[in-house]
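Data from my_file24.pdb: PDB, C-alpha atoms
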ATOM      1  CA  MET A   1      70.181 158.873  94.424
ATOM      2  CA  PRO A   2      68.707 157.472  97.685
ATOM      3  CA  SER A   3      70.651 154.678  99.341
ATOM      4  CA  ASN A   4      67.708 152.258  99.129
ATOM      5  CA  GLU A   5      67.556 152.732  95.343
ATOM      6  CA  VAL A   6      71.302 152.109  95.075
ATOM      7  CA  ALA A   7      70.878 148.933  97.153
ATOM      8  CA  ASN A   8      68.010 147.740  94.942
ATOM      9  CA  ILE A   9      70.071 148.359  91.805
ATOM     10  CA  ALA A  10      73.034 146.470  93.313
ATOM     11  CA  ILE A  11      70.816 143.519  94.218
ATOM     12  CA  GLY A  12      69.272 143.532  90.743
ATOM     13  CA  VAL A  13      72.703 143.516  89.100
ATOM     14  CA  ALA A  14      73.856 140.679  91.395
ATOM     15  CA  ILE A  15      70.786 138.608  90.503
ATOM     16  CA  VAL A  16      71.360 139.135  86.774
ATOM     17  CA  VAL A  17      75.035 138.140  87.168
ATOM     18  CA  VAL A  18      74.107 134.930  89.039
ATOM     19  CA  ILE A  19      71.531 133.983  86.397
ATOM     20  CA  CYS A  20      73.979 134.690  83.556
ATOM     21  CA  ILE A  21      76.737 132.632  85.201
ATOM     22  CA  ALA A  22      74.357 129.708  85.776
ATOM     23  CA  ILE A  23      73.070 129.797  82.190
ATOM     24  CA  THR A  24      76.608 130.137  80.778
ATOM     25  CA  PHE A  25      78.004 127.174  82.705
ATOM     26  CA  THR A  26      74.947 125.059  81.870
ATOM     27  CA  ILE A  27      75.276 125.801  78.144
ATOM     28  CA  LEU A  28      79.054 125.279  78.160
ATOM     29  CA  TYR A  29      78.825 121.906  79.904
ATOM     30  CA  PHE A  30      75.973 120.830  77.642
ATOM     31  CA  ALA A  31      78.086 121.755  74.603
ATOM     32  CA  TYR A  32      81.096 119.889  76.040
ATOM     33  CA  ALA A  33      79.034 116.775  76.763
ATOM     34  CA  THR A  34      77.516 116.851  73.260
ATOM     35  CA  TYR A  35      80.987 117.142  71.701
ATOM     36  CA  LYS A  36      82.340 114.394  73.959
ATOM     37  CA  ARG A  37      79.595 111.955  72.965
ATOM     38  CA  ALA A  38      80.120 112.716  69.273
ATOM     39  CA  HIS A  39      83.874 112.295  69.769
ATOM     40  CA  ILE A  40      83.341 108.828  71.267
ATOM     41  CA  ASN A  41      80.713 107.739  68.731
ATOM     42  CA  ASN A  42      82.976 108.727  65.833
ATOM     43  CA  GLY A  43      85.682 106.397  67.132
ATOM     44  CA  HIS A  44      88.208 109.062  68.081
ATOM     45  CA  GLU A  45      88.874 107.337  71.405
ATOM     46  CA  ASP A  46      88.784 103.737  70.142
ATOM     47  CA  GLU A  47      92.551 103.264  70.353
ATOM     48  CA  LYS A  48      92.613 104.520  73.918
ATOM     49  CA  ILE A  49      89.678 102.276  74.926
ATOM     50  CA  LYS A  50      91.217  99.301  73.122
ATOM     51  CA  ALA A  51      94.577  99.846  74.852
ATOM     52  CA  ALA A  52      92.853  99.909  78.251
ATOM     53  CA  MET A  53      91.108  96.589  77.472
ATOM     54  CA  THR A  54      94.116  94.749  76.063
ATOM     55  CA  GLY A  55      96.742  96.200  78.392
ATOM     56  CA  GLU A  56      98.714  97.562  75.459
ATOM     57  CA  GLU A  57     100.510 100.880  75.665
ATOM     58  CA  TYR A  58      98.499 103.749  74.276
ATOM     59  CA  VAL A  59     100.421 106.304  72.220
ATOM     60  CA  PRO A  60      98.468 109.464  71.387
ATOM     61  CA  PRO A  61      98.546 110.626  67.760
ATOM     62  CA  LYS A  62     101.268 113.133  66.922
ATOM     63  CA  SER A  63      98.597 115.650  66.074
ATOM     64  CA  GLN A  64      97.655 115.738  69.741
ATOM     65  CA  LYS A  65     100.596 117.881  70.750
ATOM     66  CA  TRP A  66      99.850 118.372  74.419
ATOM     67  CA  ALA A  67      98.488 114.847  74.867
ATOM     68  CA  THR A  68     101.740 113.460  73.420
ATOM     69  CA  ARG A  69     103.845 115.566  75.774
ATOM     70  CA  TRP A  70     101.779 114.410  78.751
ATOM     71  CA  HIS A  71     102.131 110.793  77.582
ATOM     72  CA  ASN A  72     105.907 111.135  77.341
ATOM     73  CA  PHE A  73     106.030 112.730  80.779
ATOM     74  CA  LYS A  74     104.084 109.834  82.330
ATOM     75  CA  LYS A  75     106.164 107.280  80.429
ATOM     76  CA  LYS A  76     109.372 108.791  81.820
ATOM     77  CA  PHE A  77     108.302 108.335  85.442
ATOM     78  CA  LYS A  78     106.388 105.092  84.998
ATOM     79  CA  SER A  79     107.749 102.120  86.947
ATOM     80  CA  SER A  80     108.936  98.991  85.189
ATOM     81  CA  LYS A  81     106.031  97.036  86.644
ATOM     82  CA  THR A  82     103.347  99.253  85.205
ATOM     83  CA  SER A  83     105.134  99.582  81.862
ATOM     84  CA  LYS A  84     105.157  95.825  81.359
ATOM     85  CA  LYS A  85     102.828  94.721  78.574
ATOM     86  CA  VAL A  86     100.189  92.116  79.249
ATOM     87  CA  LYS A  87     101.119  88.707  77.831
ATOM     88  CA  GLU A  88      98.795  87.081  75.337
ATOM     89  CA  SER A  89      98.151  84.190  77.730
ATOM     90  CA  GLU A  90      97.102  86.642  80.473
ATOM     91  CA  LYS A  91      94.539  88.395  78.307
ATOM     92  CA  PRO A  92      90.857  87.543  78.939
ATOM     93  CA  ILE A  93      89.265  84.718  76.951
ATOM     94  CA  SER A  94      86.427  87.035  75.954
ATOM     95  CA  TYR A  95      86.709  90.808  76.137
ATOM     96  CA  LEU A  96      82.920  91.119  76.078
ATOM     97  CA  VAL A  97      82.539  88.808  79.100
ATOM     98  CA  GLU A  98      85.312  90.670  80.917
ATOM     99  CA  LEU A  99      83.599  93.986  80.156
ATOM    100  CA  LYS A 100      80.343  92.717  81.669
ATOM    101  CA  LYS A 101      82.207  91.736  84.848
ATOM    102  CA  GLU A 102      83.724  95.221  85.089
ATOM    103  CA  GLU A 103      80.305  96.779  84.548
ATOM    104  CA  LYS A 104      78.893  94.771  87.462
ATOM    105  CA  LYS A 105      81.686  96.053  89.724
ATOM    106  CA  ALA A 106      81.194  99.596  88.473
ATOM    107  CA  SER A 107      77.450  99.383  89.156
ATOM    108  CA  ILE A 108      78.155  99.297  92.911
ATOM    109  CA  PHE A 109      80.043 102.593  92.726
ATOM    110  CA  ARG A 110      77.312 103.944  90.487
ATOM    111  CA  VAL A 111      74.693 103.207  93.157
ATOM    112  CA  LEU A 112      76.819 104.992  95.773
ATOM    113  CA  HIS A 113      77.199 107.924  93.403
ATOM    114  CA  ILE A 114      73.439 108.124  92.841
ATOM    115  CA  VAL A 115      72.795 107.978  96.597
ATOM    116  CA  ALA A 116      75.321 110.773  97.262
ATOM    117  CA  PHE A 117      73.898 112.916  94.456
ATOM    118  CA  SER A 118      70.340 112.333  95.690
ATOM    119  CA  LEU A 119      71.285 113.325  99.245
ATOM    120  CA  VAL A 120      72.977 116.536  98.106
ATOM    121  CA  SER A 121      70.022 117.412  95.875
ATOM    122  CA  LEU A 122      67.561 116.632  98.672
ATOM    123  CA  ILE A 123      69.451 118.852 101.114
ATOM    124  CA  LEU A 124      69.454 121.722  98.608
ATOM    125  CA  VAL A 125      65.724 121.286  97.957
ATOM    126  CA  ILE A 126      64.973 121.219 101.714
ATOM    127  CA  VAL A 127      67.060 124.377 102.208
ATOM    128  CA  LEU A 128      65.201 126.022  99.311
ATOM    129  CA  ILE A 129      61.790 125.093 100.761
ATOM    130  CA  PHE A 130      62.821 126.208 104.250
ATOM    131  CA  SER A 131      64.113 129.541 102.914
ATOM    132  CA  SER A 132      60.948 130.103 100.868
ATOM    133  CA  LEU A 133      58.688 129.334 103.847
ATOM    134  CA  TYR A 134      60.782 131.594 106.057
ATOM    135  CA  ARG A 135      60.467 134.420 103.554
ATOM    136  CA  ALA A 136      56.738 133.835 103.002
ATOM    137  CA  GLY A 137      56.200 133.962 106.767
ATOM    138  CA  GLY A 138      57.685 137.453 107.026
ATOM    139  CA  GLN A 139      61.110 136.130 108.107
ATOM    140  CA  VAL A 140      59.518 134.191 110.947
ATOM    141  CA  LEU A 141      59.156 130.419 111.104
ATOM    142  CA  TYR A 142      56.830 128.967 113.739
ATOM    143  CA  ILE A 143      57.617 125.545 115.200
ATOM    144  CA  ASN A 144      55.449 124.048 117.990
ATOM    145  CA  GLY A 145      54.555 127.297 119.722
ATOM    146  CA  SER A 146      58.011 128.783 119.233
ATOM    147  CA  ALA A 147      59.378 130.931 116.448
ATOM    148  CA  LEU A 148      62.711 131.378 114.703
ATOM    149  CA  LEU A 149      63.639 134.794 113.364
ATOM    150  CA  THR A 150      66.740 136.709 112.349
ATOM    151  CA  ILE A 151      67.931 140.013 113.763
ATOM    152  CA  GLN A 152      68.572 142.507 110.965
ATOM    153  CA  THR A 153      69.969 145.423 112.989
ATOM    154  CA  GLY A 154      72.492 146.001 115.774
ATOM    155  CA  SER A 155      70.006 147.600 118.195
ATOM    156  CA  MET A 156      70.499 144.749 120.689
ATOM    157  CA  GLU A 157      74.184 144.127 120.015
ATOM    158  CA  GLU A 158      75.781 146.758 122.258
ATOM    159  CA  ILE A 159      74.895 148.644 125.431
ATOM    160  CA  HIS A 160      74.280 152.390 125.342
ATOM    161  CA  PRO A 161      75.605 154.322 128.392
ATOM    162  CA  ASN A 162      72.118 155.724 129.036
ATOM    163  CA  ASN A 163      70.768 152.258 129.764
ATOM    164  CA  THR A 164      72.224 151.877 133.241
ATOM    165  CA  TYR A 165      69.578 149.330 134.209
ATOM    166  CA  ILE A 166      71.359 146.713 132.078
ATOM    167  CA  GLU A 167      74.491 146.577 134.232
ATOM    168  CA  GLU A 168      72.534 147.146 137.437
ATOM    169  CA  ASN A 169      70.435 144.031 136.759
ATOM    170  CA  ASN A 170      73.252 142.029 135.150
ATOM    171  CA  LEU A 171      71.388 141.675 131.837
ATOM    172  CA  THR A 172      73.866 139.874 129.613
ATOM    173  CA  ASN A 173      71.515 138.482 126.960
ATOM    174  CA  GLN A 174      72.484 140.864 124.169
ATOM    175  CA  ILE A 175      71.854 139.706 120.585
ATOM    176  CA  ASP A 176      74.290 139.999 117.670
ATOM    177  CA  ARG A 177      73.203 141.392 114.347
ATOM    178  CA  PHE A 178      72.116 138.710 111.807
ATOM    179  CA  ALA A 179      71.770 136.125 114.578
ATOM    180  CA  LEU A 180      69.040 133.505 114.334
ATOM    181  CA  ILE A 181      67.162 133.493 117.646
ATOM    182  CA  GLY A 182      64.347 131.528 119.239
ATOM    183  CA  VAL A 183      61.225 133.146 120.635
ATOM    184  CA  ASP A 184      58.667 131.353 122.829
ATOM    185  CA  LYS A 185      55.022 132.315 122.497
ATOM    186  CA  VAL A 186      53.529 134.194 125.451
ATOM    187  CA  ARG A 187      50.026 133.055 126.445
ATOM    188  CA  GLU A 188      49.382 135.268 129.469
ATOM    189  CA  GLU A 189      50.341 138.851 130.295
ATOM    190  CA  SER A 190      51.746 137.607 133.580
ATOM    191  CA  ASP A 191      54.402 135.703 131.617
ATOM    192  CA  LEU A 192      56.008 139.008 130.603
ATOM    193  CA  LYS A 193      58.398 140.547 133.087
ATOM    194  CA  LEU A 194      60.346 143.763 133.248
ATOM    195  CA  TYR A 195      63.609 143.627 131.261
ATOM    196  CA  ASP A 196      62.539 140.580 129.254
ATOM    197  CA  VAL A 197      63.725 140.610 125.644
ATOM    198  CA  ALA A 198      60.639 140.129 123.501
ATOM    199  CA  ALA A 199      59.535 140.288 119.873
ATOM    200  CA  PHE A 200      56.655 142.556 118.899
ATOM    201  CA  SER A 201      55.080 143.593 115.624
ATOM    202  CA  HIS A 202      54.532 147.133 114.356
ATOM    203  CA  GLU A 203      53.184 147.819 110.867
ATOM    204  CA  ASN A 204      54.118 144.287 109.724
ATOM    205  CA  VAL A 205      57.708 144.710 110.908
ATOM    206  CA  ILE A 206      59.044 142.593 113.779
ATOM    207  CA  TYR A 207      61.280 144.161 116.424
ATOM    208  CA  VAL A 208      63.201 142.368 119.171
ATOM    209  CA  HIS A 209      63.930 144.775 122.034
ATOM    210  CA  ARG A 210      63.905 144.827 125.811
ATOM    211  CA  ILE A 211      60.896 145.688 127.959
ATOM    212  CA  VAL A 212      61.961 148.687 130.028
ATOM    213  CA  ASP A 213      58.583 149.637 131.497
ATOM    214  CA  ILE A 214      55.194 148.027 132.156
ATOM    215  CA  LYS A 215      52.118 150.179 132.787
ATOM    216  CA  VAL A 216      48.518 149.362 133.665
ATOM    217  CA  ASP A 217      45.924 152.079 133.036
ATOM    218  CA  GLU A 218      42.720 152.744 135.003
ATOM    219  CA  GLU A 219      40.782 150.289 132.834
ATOM    220  CA  GLY A 220      43.260 147.517 133.556
ATOM    221  CA  VAL A 221      44.855 147.528 130.094
ATOM    222  CA  THR A 222      48.548 146.722 130.185
ATOM    223  CA  SER A 223      51.008 148.471 127.866
ATOM    224  CA  TYR A 224      54.713 147.875 127.441
ATOM    225  CA  THR A 225      57.612 150.170 126.644
ATOM    226  CA  PHE A 226      60.467 148.664 124.616
ATOM    227  CA  ARG A 227      63.988 149.838 123.907
ATOM    228  CA  GLY A 228      67.001 148.393 122.147
ATOM    229  CA  ASP A 229      70.061 147.985 124.364
ATOM    230  CA  ALA A 230      72.129 150.017 121.895
ATOM    231  CA  ASN A 231      69.546 152.818 121.638
ATOM    232  CA  ALA A 232      69.658 155.941 123.835
ATOM    233  CA  SER A 233      65.868 156.048 124.120
ATOM    234  CA  SER A 234      62.713 154.268 123.015
ATOM    235  CA  LEU A 235      61.260 154.960 119.592
ATOM    236  CA  SER A 236      57.802 156.539 119.397
ATOM    237  CA  PHE A 237      56.012 153.285 118.497
ATOM    238  CA  GLU A 238      57.754 151.477 121.383
ATOM    239  CA  LEU A 239      56.107 153.616 124.080
ATOM    240  CA  ASP A 240      52.685 151.999 124.030
ATOM    241  CA  VAL A 241      52.917 148.393 122.822
ATOM    242  CA  LYS A 242      49.894 146.225 123.593
ATOM    243  CA  PHE A 243      49.961 142.573 124.546
ATOM    244  CA  GLU A 244      48.318 141.605 121.239
ATOM    245  CA  GLN A 245      51.381 142.946 119.374
ATOM    246  CA  ILE A 246      53.846 140.775 121.261
ATOM    247  CA  LEU A 247      54.863 137.565 119.486
ATOM    248  CA  GLY A 248      56.986 135.996 122.196
ATOM    249  CA  VAL A 249      59.914 136.146 124.589
ATOM    250  CA  TYR A 250      63.524 135.470 123.643
ATOM    251  CA  ASN A 251      64.391 131.975 124.927
ATOM    252  CA  GLY A 252      68.190 132.190 124.698
ATOM    253  CA  PHE A 253      68.702 130.327 121.406
ATOM    254  CA  HIS A 254      71.244 132.395 119.446
ATOM    255  CA  ASN A 255      73.267 131.421 116.363
ATOM    256  CA  VAL A 256      74.970 134.029 114.193
ATOM    257  CA  PHE A 257      76.171 131.613 111.473
ATOM    258  CA  LEU A 258      72.718 130.143 110.834
ATOM    259  CA  GLY A 259      71.178 133.603 110.942
ATOM    260  CA  ALA A 260      73.606 135.073 108.401
ATOM    261  CA  MET A 261      73.165 132.071 106.124
ATOM    262  CA  LEU A 262      69.375 132.196 106.382
ATOM    263  CA  THR A 263      69.369 135.945 105.744
ATOM    264  CA  TYR A 264      71.212 135.330 102.497
ATOM    265  CA  LEU A 265      69.226 132.254 101.446
ATOM    266  CA  GLN A 266      65.822 133.880 101.906
ATOM    267  CA  SER A 267      66.852 136.897  99.819
ATOM    268  CA  ASN A 268      66.124 137.114  96.088
ATOM    269  CA  ILE A 269      69.712 136.417  95.107
ATOM    270  CA  GLY A 270      69.962 133.569  97.637
ATOM    271  CA  ILE A 271      66.874 131.764  96.333
ATOM    272  CA  ILE A 272      67.976 132.257  92.724
ATOM    273  CA  SER A 273      71.461 130.934  93.581
ATOM    274  CA  LEU A 274      69.930 127.824  95.146
ATOM    275  CA  CYS A 275      67.689 127.214  92.126
ATOM    276  CA  ALA A 276      70.620 127.747  89.763
ATOM    277  CA  GLY A 277      72.777 125.339  91.781
ATOM    278  CA  ILE A 278      70.105 122.634  91.759
ATOM    279  CA  LEU A 279      69.496 122.986  88.009
ATOM    280  CA  PHE A 280      73.236 122.937  87.271
ATOM    281  CA  LEU A 281      73.720 119.774  89.362
ATOM    282  CA  ILE A 282      70.844 118.065  87.551
ATOM    283  CA  ASN A 283      72.280 119.070  84.170
ATOM    284  CA  LEU A 284      75.734 117.865  85.240
ATOM    285  CA  GLU A 285      74.378 114.494  86.347
ATOM    286  CA  VAL A 286      72.298 114.004  83.186
ATOM    287  CA  GLN A 287      75.193 114.861  80.870
ATOM    288  CA  GLU A 288      77.604 112.605  82.792
ATOM    289  CA  ASP A 289      75.103 109.741  82.502
ATOM    290  CA  LEU A 290      74.855 110.293  78.751
ATOM    291  CA  ILE A 291      78.658 110.333  78.390
ATOM    292  CA  ASN A 292      79.027 107.143  80.458
ATOM    293  CA  ALA A 293      76.289 105.455  78.442
ATOM    294  CA  THR A 294      78.106 106.411  75.219
ATOM    295  CA  TYR A 295      81.383 105.010  76.581
ATOM    296  CA  LYS A 296      79.598 101.814  77.622
ATOM    297  CA  LYS A 297      78.079 101.338  74.172
ATOM    298  CA  ARG A 298      81.390 102.004  72.441
ATOM    299  CA  LYS A 299      83.286  99.613  74.726
ATOM    300  CA  LYS A 300      80.863  96.821  73.858
ATOM    301  CA  TYR A 301      81.406  97.513  70.165
ATOM    302  CA  ILE A 302      85.201  97.369  70.567
ATOM    303  CA  ALA A 303      85.016  94.261  72.787
ATOM    304  CA  ARG A 304      83.002  92.428  70.103
ATOM    305  CA  ASN A 305      85.533  93.386  67.441
ATOM    306  CA  LEU A 306      88.430  92.195  69.623
ATOM    307  CA  ASP A 307      86.712  88.871  70.189
ATOM    308  CA  LEU A 308      86.095  88.518  66.442
ATOM    309  CA  GLU A 309      89.745  89.280  65.677
ATOM    310  CA  ARG A 310      90.854  86.623  68.135
ATOM    311  CA  LYS A 311      88.571  84.026  66.531
ATOM    312  CA  ARG A 312      89.965  84.776  63.093
ATOM    313  CA  GLN A 313      93.566  84.264  64.292
TER     314      GLN A 313
END
For the structure just supplied, provide its representation as structure tokens.
Amino acid sequence: MPSNEVANIAIGVAIVVVICIAITFTILYFAYATYKRAHINNGHEDEKIKAAMTGEEYVPPKSQKWATRWHNFKKKFKSSKTSKKVKESEKPISYLVELKKEEKKASIFRVLHIVAFSLVSLILVIVLIFSSLYRAGGQVLYINGSALLTIQTGSMEEIHPNNTYIEENNLTNQIDRFALIGVDKVREESDLKLYDVAAFSHENVIYVHRIVDIKVDEEGVTSYTFRGDANASSLSFELDVKFEQILGVYNGFHNVFLGAMLTYLQSNIGIISLCAGILFLINLEVQEDLINATYKKRKKYIARNLDLERKRQ
């Protein structure tokens, strides 16, 4: 089986795995949140909520084996100050009023939480849009006359012994594989010089190699010969590159981390991973809101009952 087919199969399997993991975690958390809300609504956590409001000690039911063990463990190491019960005189006059005060304080943290969640989601969406535009543009993103592109091969990473002109002219601007580089647009042929590193297009594929020869024919047409620093010789399509094929000259901007990250993010699996992450975060936030709303409703119900019990006494 050809290597490209093996690579395509591997990518396809990876994409399916990412989608399955995202769907599984989304369904599992949705099921957990649904169970949690039903658990609260059915009053299974009333004693725990009531104990938190009144300051009484909460003892888990014996049926909750592990919860009881954890309770006993905490009780063993609890200080005398924290184990002290709240006196009747120190309890709030109205549990419902006290709950409203706590909700006002909690609303501040809720706003901060929403802001943080919105910022994270916005960053992920911006990254997704940037990656999609980069992919749609043929792995080139143009910004104010310049372009950003990633290097997919190691043809400019090392120096082949045949290319003696590199050391002779002290050409140290080699480019690492997967690096994100900047390329400035060339407006005139005179802007291109011998040994410049430039980007040119051939059959819709962009190459970034060094100009090793410049020729002008009898009709005044200029052609350029390119070669990668790591290559022993120029490829056939690099021997007669016209000015119209040249996208720009390497301007020195070089970042391997951003390039590797962008290479992944603009791939099929990268875009799907981003989408899955965004959807999972949204689902997580929605389910947490529903759980908190259920707790809030149940606390009000318990607070009213506590106030009624106090009035009856």
Answer as an MDAnalysis selection string, residues within 12 Å of (62.6, 137.0, 96.6) using only C-alpha atoms: chainID A and resid 11:12 15 128 131:136 138:139 263:275
Expanded to explicit residues, what is the PyMOL selection byres ((chain A and resi 253) around 6) for this file, as a VMD selection string? chain A and resid 181 to 182 251 to 252 254
So that I can check the surroundings of Tyr29 (chain A), please list as a PDB file with C-alpha atoms, keeping the file's coordinate frame every protein, DNA and RNA residue that reaches within 12 Å of it, counting only C-alpha atoms and ignoring chain neighbours fewer than 4 positions away.
ATOM      1  CA  ALA A  22      74.357 129.708  85.776  1.00  0.00           C
ATOM      2  CA  ILE A  23      73.070 129.797  82.190  1.00  0.00           C
ATOM      3  CA  THR A  24      76.608 130.137  80.778  1.00  0.00           C
ATOM      4  CA  PHE A  25      78.004 127.174  82.705  1.00  0.00           C
ATOM      5  CA  ALA A  33      79.034 116.775  76.763  1.00  0.00           C
ATOM      6  CA  THR A  34      77.516 116.851  73.260  1.00  0.00           C
ATOM      7  CA  TYR A  35      80.987 117.142  71.701  1.00  0.00           C
ATOM      8  CA  LYS A  36      82.340 114.394  73.959  1.00  0.00           C
ATOM      9  CA  PHE A 280      73.236 122.937  87.271  1.00  0.00           C
ATOM     10  CA  LEU A 281      73.720 119.774  89.362  1.00  0.00           C
ATOM     11  CA  ILE A 282      70.844 118.065  87.551  1.00  0.00           C
ATOM     12  CA  ASN A 283      72.280 119.070  84.170  1.00  0.00           C
ATOM     13  CA  LEU A 284      75.734 117.865  85.240  1.00  0.00           C
ATOM     14  CA  GLU A 285      74.378 114.494  86.347  1.00  0.00           C
ATOM     15  CA  VAL A 286      72.298 114.004  83.186  1.00  0.00           C
ATOM     16  CA  GLN A 287      75.193 114.861  80.870  1.00  0.00           C
ATOM     17  CA  GLU A 288      77.604 112.605  82.792  1.00  0.00           C
ATOM     18  CA  ILE A 291      78.658 110.333  78.390  1.00  0.00           C
TER      19      ILE A 291
END
Which one of A:Asp229, A:Val127, A:Ala147, A:Val221 sits closest to Glu167 (chain A) if you count all atoms listed in the file? A:Asp229
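Here the PyMOL selection byres ((chain A and resi 161) around 12) matches the residues Glu158, Ile159, His160, Asn162, Asn163, Thr164, Tyr165, Ile166, Glu167, Glu168, Asp229, Ala230, Asn231, Ala232 and Ser233 of chain A.
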To one decimal place in Å, what is the distance between CA of Lys50 (chain A) and CA of Lys296 (chain A)?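 A separation of 12.7 Å between them.
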Can you list what the PyMOL selection byres ((chain A and resi 43) around 12) grabs from this structure, as an MDAnalysis selection string? chainID A and resid 36:42 44:50 294:295 297:299 301:302
Write out the residues from the selection above, keeping C-alpha atoms, as a CSV table (one decimal), in the frame of the given file.
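The file below, part_0.csv, is the result:
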chain,number,residue,atom,x,y,z
A,36,LYS,CA,82.3,114.4,74.0
A,37,ARG,CA,79.6,112.0,73.0
A,38,ALA,CA,80.1,112.7,69.3
A,39,HIS,CA,83.9,112.3,69.8
A,40,ILE,CA,83.3,108.8,71.3
A,41,ASN,CA,80.7,107.7,68.7
A,42,ASN,CA,83.0,108.7,65.8
A,44,HIS,CA,88.2,109.1,68.1
A,45,GLU,CA,88.9,107.3,71.4
A,46,ASP,CA,88.8,103.7,70.1
A,47,GLU,CA,92.6,103.3,70.4
A,48,LYS,CA,92.6,104.5,73.9
A,49,ILE,CA,89.7,102.3,74.9
A,50,LYS,CA,91.2,99.3,73.1
A,294,THR,CA,78.1,106.4,75.2
A,295,TYR,CA,81.4,105.0,76.6
A,297,LYS,CA,78.1,101.3,74.2
A,298,ARG,CA,81.4,102.0,72.4
A,299,LYS,CA,83.3,99.6,74.7
A,301,TYR,CA,81.4,97.5,70.2
A,302,ILE,CA,85.2,97.4,70.6
Nearest to Ile19 (chain A) by atom-to-atom distance, counting all atoms listed in the file, from A:Leu96, A:Leu279, A:Arg312, A:Asp176: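 Distance minimum relative to Ile19 (chain A) lands on A:Leu279.
Picture a line from CA of Lys242 (chain A) to CA of Gly259 (chain A); it runs 27.8 Å.
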